[in-house]
Amino acid sequence: MAPLLEINGLVKRFGGFTALNRVSLTVKAGERFGLIGPNGSGKTTLINCVSGALPVDGGVIRFGGRDITTLPAHQRTRLGLVRSFQIPKPFSSMTVAENLEIPREYASAGRTGARGGADTAEILASMGLSAKAHLRPAGLTQIEMRKLELARAMAAQPKLLISDEAMAGLSSAEVDDILTILFRLNEQGITIVMIEHIMRAVMRFSERIVVLDVGERIAEGTPDEVVRNPAVEKAYLGE
């Protein structure tokens, strides 16, 4: 079976600085995939290139077997490649429920069969936000804002969801709450790529992990294999 997401030899430069140096990886349909690395390793740059926020300077990105390397970000979203953001930025003048209607309408544009998927009420219920549907985002707690960010991503009907540090700054119990949601989404058939600094969360969630350091892939394997890899230990702890 062909990978759902395939990245071959990806290069991204900012002036004379090479942020990604021929990075290659694949993500299988239905997989729980972790992407980790120290600060400045290139994780965010990679995700920005994959989602279409940044153009690439070399390499190929395929999604569902289709070359999307030069495809605009909105067209990638409509194909089912969806990301959440570390810092939620919902529409502050809209209610929680109205915030989901925008990606639902947007993602369905140009798709055969129009909308489909779970409706707004179902998505909010799955995130535990039903009682907050009438509120504006300013009335939410930090974890509720993270759940709203995931709900907005789900409203875009993803085949692959890139979860970008959805647990940053949360308590241990709140981390477990978000993990439960991500496990449930994966069980519903959504492929998930997790970018996260909370190692216990990544190790518990991921079936396979790729490690980046200074723009290069330095390790790949199961959580147990990665944590025992000398190159990973060196990247995080130094010589």
# chains A, B, ... in the order shown; residues from 1 in each chain; ligands from 1

call {"tool": "closest_atom_pairs", "arguments": {"of": "stretch 143-198 of chain A", "to": "stretch 91-102 of chain A", "cutoff": "10 Å", "atoms": "only C-alpha atoms", "output": "JSON lines"}}
result
{"residue": "A:Met145", "atom": "CA", "partner": "A:Val96", "partner_atom": "CA", "distance": 9.6}
{"residue": "A:Leu148", "atom": "CA", "partner": "A:Val96", "partner_atom": "CA", "distance": 7.3}
{"residue": "A:Glu149", "atom": "CA", "partner": "A:Leu100", "partner_atom": "CA", "distance": 9.4}
{"residue": "A:Ala151", "atom": "CA", "partner": "A:Leu100", "partner_atom": "CA", "distance": 7.0}
{"residue": "A:Arg152", "atom": "CA", "partner": "A:Leu100", "partner_atom": "CA", "distance": 5.2}
{"residue": "A:Ala153", "atom": "CA", "partner": "A:Leu100", "partner_atom": "CA", "distance": 8.5}
{"residue": "A:Met154", "atom": "CA", "partner": "A:Leu100", "partner_atom": "CA", "distance": 8.6}
{"residue": "A:Ala155", "atom": "CA", "partner": "A:Leu100", "partner_atom": "CA", "distance": 5.9}
{"residue": "A:Ala156", "atom": "CA", "partner": "A:Leu100", "partner_atom": "CA", "distance": 8.5}

call {"tool": "residues_around", "arguments": {"residues": "A:Arg204", "least_positions_apart": "2", "cutoff": "12 Å", "atoms": "only C-alpha atoms", "output": "list in words"}}
result
Arg32, Phe33, Gly34, Val175, Asp176, Leu179, Thr180, Leu182, Phe183, Met194, Glu196, Ile198, Met199, Arg200, Ala201, Val202, Ser206, Glu207, Arg208, Ile209, Thr222, Pro223 and Asp224 of chain A

call {"tool": "write_last_selection", "arguments": {"atoms": "C-alpha atoms", "output": "PDB file, in the first residue's frame"}}
result
ATOM      1  CA  ARG A  32      -0.038   7.353  14.769  1.00  0.00           C
ATOM      2  CA  PHE A  33       3.200   9.080  13.828  1.00  0.00           C
ATOM      3  CA  GLY A  34       5.450  11.194  16.047  1.00  0.00           C
ATOM      4  CA  VAL A 175      -2.357  16.169  28.605  1.00  0.00           C
ATOM      5  CA  ASP A 176      -4.093  12.846  29.237  1.00  0.00           C
ATOM      6  CA  LEU A 179      -4.329  12.189  24.334  1.00  0.00           C
ATOM      7  CA  THR A 180      -7.679  10.460  24.832  1.00  0.00           C
ATOM      8  CA  LEU A 182      -6.344  11.978  19.692  1.00  0.00           C
ATOM      9  CA  PHE A 183      -6.532   8.220  20.285  1.00  0.00           C
ATOM     10  CA  MET A 194       2.001  14.487  16.434  1.00  0.00           C
ATOM     11  CA  GLU A 196       5.216  17.543  20.651  1.00  0.00           C
ATOM     12  CA  ILE A 198       6.074  16.405  26.024  1.00  0.00           C
ATOM     13  CA  MET A 199       7.967  13.165  25.602  1.00  0.00           C
ATOM     14  CA  ARG A 200       5.699  10.928  27.658  1.00  0.00           C
ATOM     15  CA  ALA A 201       2.808  11.930  25.409  1.00  0.00           C
ATOM     16  CA  VAL A 202       4.735  11.249  22.193  1.00  0.00           C
ATOM     17  CA  SER A 206       3.170   7.121  18.577  1.00  0.00           C
ATOM     18  CA  GLU A 207       3.536   3.823  16.759  1.00  0.00           C
ATOM     19  CA  ARG A 208       6.559   5.199  14.908  1.00  0.00           C
ATOM     20  CA  ILE A 209       8.747   8.259  15.465  1.00  0.00           C
ATOM     21  CA  THR A 222       9.374   2.636  17.488  1.00  0.00           C
ATOM     22  CA  PRO A 223       9.370   4.697  20.686  1.00  0.00           C
ATOM     23  CA  ASP A 224      11.568   2.095  22.406  1.00  0.00           C
TER      24      ASP A 224
END

call {"tool": "closest_atom_pairs", "arguments": {"of": "stretch 176-207 of chain A", "to": "stretch 83-90 of chain A", "cutoff": "12 Å", "atoms": "only C-alpha atoms", "output": "Markdown table"}}
result
| residue | atom | partner | partner_atom | distance |
| --- | --- | --- | --- | --- |
| A:Thr191 | CA | A:Arg83 | CA | 11.5 |
| A:Ile192 | CA | A:Arg83 | CA | 9.6 |
| A:Val193 | CA | A:Arg83 | CA | 9.1 |
| A:Met194 | CA | A:Arg83 | CA | 10.1 |
| A:Ile195 | CA | A:Gln86 | CA | 9.5 |
| A:Glu196 | CA | A:Gln86 | CA | 9.6 |
| A:His197 | CA | A:Gln86 | CA | 11.4 |

call {"tool": "write_last_selection", "arguments": {"atoms": "N, CA, C and O atoms", "output": "compact mmCIF listing (two decimals), in the first residue's frame"}}
result
# COMPACT_ATOMS: atom_id res chain seq x y z
N THR A 191 -5.54 9.54 10.24
CA THR A 191 -4.09 9.45 10.42
C THR A 191 -3.63 10.69 11.17
O THR A 191 -4.05 11.80 10.86
N ILE A 192 -2.76 10.50 12.16
CA ILE A 192 -2.34 11.63 12.98
C ILE A 192 -0.83 11.71 13.06
O ILE A 192 -0.15 10.73 13.36
N VAL A 193 -0.31 12.90 12.76
CA VAL A 193 1.10 13.22 12.96
C VAL A 193 1.17 14.14 14.18
O VAL A 193 0.58 15.22 14.18
N MET A 194 1.88 13.71 15.21
CA MET A 194 2.00 14.49 16.43
C MET A 194 3.38 15.14 16.51
O MET A 194 4.39 14.45 16.45
N ILE A 195 3.41 16.46 16.64
CA ILE A 195 4.63 17.19 16.94
C ILE A 195 4.50 17.67 18.37
O ILE A 195 3.55 18.39 18.70
N GLU A 196 5.41 17.27 19.23
CA GLU A 196 5.22 17.54 20.65
C GLU A 196 6.54 17.49 21.39
O GLU A 196 7.42 16.69 21.06
N HIS A 197 6.68 18.36 22.41
CA HIS A 197 7.86 18.35 23.27
C HIS A 197 7.63 17.53 24.54
O HIS A 197 8.58 17.24 25.26

call {"tool": "atom_distance", "arguments": {"atom1": "atom CA of A:Val214", "atom2": "atom CA of A:Leu161"}}
result
24.5 Å

call {"tool": "select_by_dssp", "arguments": {"residues": "stretch 78-176 of chain A", "states": "helix (DSSP H, G or I)", "output": "PyMOL selection string"}}
result
chain A and resi 78-79+96-108+120-126+130-132+137-139+142-155+172-176

call {"tool": "residues_around", "arguments": {"residues": "stretch 55-72 of chain A", "least_positions_apart": "3", "cutoff": "12 Å", "atoms": "only C-alpha atoms", "output": "PyMOL selection string"}}
result
chain A and resi 1-15+17-29+45-52+75-82+159-160+191

call {"tool": "write_last_selection", "arguments": {"atoms": "C-alpha atoms", "output": "mmCIF file, in the first residue's frame"}}
result
data_model
loop_
_atom_site.group_PDB
_atom_site.id
_atom_site.type_symbol
_atom_site.label_atom_id
_atom_site.label_comp_id
_atom_site.auth_asym_id
_atom_site.auth_seq_id
_atom_site.Cartn_x
_atom_site.Cartn_y
_atom_site.Cartn_z
ATOM 1 C CA MET A 1 0.000 0.000 0.000
ATOM 2 C CA ALA A 2 1.325 3.448 -0.950
ATOM 3 C CA PRO A 3 1.945 5.880 1.945
ATOM 4 C CA LEU A 4 -0.696 8.494 2.645
ATOM 5 C CA LEU A 5 2.031 11.131 3.028
ATOM 6 C CA GLU A 6 5.398 10.809 1.304
ATOM 7 C CA ILE A 7 8.216 13.350 1.620
ATOM 8 C CA ASN A 8 11.293 12.826 -0.548
ATOM 9 C CA GLY A 9 14.492 14.885 -0.253
ATOM 10 C CA LEU A 10 12.822 17.999 1.114
ATOM 11 C CA VAL A 11 15.035 21.097 1.170
ATOM 12 C CA LYS A 12 14.186 24.474 2.665
ATOM 13 C CA ARG A 13 16.579 27.409 2.897
ATOM 14 C CA PHE A 14 16.265 30.829 4.491
ATOM 15 C CA GLY A 15 18.971 32.867 2.771
ATOM 16 C CA PHE A 17 20.742 28.920 6.233
ATOM 17 C CA THR A 18 19.522 25.426 5.361
ATOM 18 C CA ALA A 19 16.594 24.645 7.668
ATOM 19 C CA LEU A 20 15.812 21.276 6.050
ATOM 20 C CA ASN A 21 18.497 19.236 4.326
ATOM 21 C CA ARG A 22 17.031 16.517 2.076
ATOM 22 C CA VAL A 23 14.554 15.213 4.638
ATOM 23 C CA SER A 24 12.594 12.114 3.637
ATOM 24 C CA LEU A 25 9.840 10.272 5.508
ATOM 25 C CA THR A 26 6.555 8.464 4.952
ATOM 26 C CA VAL A 27 3.337 8.234 6.957
ATOM 27 C CA LYS A 28 0.991 5.308 6.419
ATOM 28 C CA ALA A 29 -2.796 5.625 6.351
ATOM 29 C CA THR A 45 9.577 24.314 9.077
ATOM 30 C CA LEU A 46 8.815 20.796 7.857
ATOM 31 C CA ILE A 47 5.156 21.060 8.836
ATOM 32 C CA ASN A 48 4.875 24.500 7.254
ATOM 33 C CA CYS A 49 6.261 23.065 4.016
ATOM 34 C CA VAL A 50 3.943 20.056 4.129
ATOM 35 C CA SER A 51 0.865 22.164 4.828
ATOM 36 C CA GLY A 52 1.740 24.692 2.124
ATOM 37 C CA GLN A 75 -6.136 23.064 -1.879
ATOM 38 C CA ARG A 76 -4.113 20.752 0.380
ATOM 39 C CA THR A 77 -6.712 21.307 3.106
ATOM 40 C CA ARG A 78 -9.515 20.394 0.729
ATOM 41 C CA LEU A 79 -7.672 17.161 -0.113
ATOM 42 C CA GLY A 80 -7.808 16.262 3.580
ATOM 43 C CA LEU A 81 -4.361 17.383 4.811
ATOM 44 C CA VAL A 82 -5.233 19.481 7.857
ATOM 45 C CA LYS A 159 -7.709 12.369 6.310
ATOM 46 C CA LEU A 160 -4.428 13.320 7.979
ATOM 47 C CA THR A 191 -4.095 9.450 10.417
#

call {"tool": "atom_distance", "arguments": {"atom1": "atom CA of A:Ile181", "atom2": "atom CA of A:Met203"}}
result
16.0 Å

call {"tool": "select_by_dssp", "arguments": {"residues": "stretch 131-207 of chain A", "states": "strand (DSSP E)", "output": "list of chain:residue names"}}
result
A:Leu160, A:Leu161, A:Ile162, A:Ser163, A:Asp164, A:Thr191, A:Ile192, A:Val193, A:Met194, A:Ile195

call {"tool": "closest_residue", "arguments": {"among": "A:Leu124, A:Leu135, A:Ala235, A:Phe205", "to": "A:Ala219", "atoms": "only C-alpha atoms"}}
result
A:Ala235

call {"tool": "closest_residue", "arguments": {"among": "A:Ala166, A:Leu212, A:Ile36, A:Met127", "to": "A:Arg184", "atoms": "only C-alpha atoms"}}
result
A:Met127

call {"tool": "atom_distance", "arguments": {"atom1": "atom CA of A:Lys43", "atom2": "atom CA of A:Lys234"}}
result
17.6 Å

call {"tool": "closest_residue", "arguments": {"among": "A:Asp164, A:Arg217, A:Tyr106, A:Ala121", "to": "A:Ala133", "atoms": "only C-alpha atoms"}}
result
A:Ala121
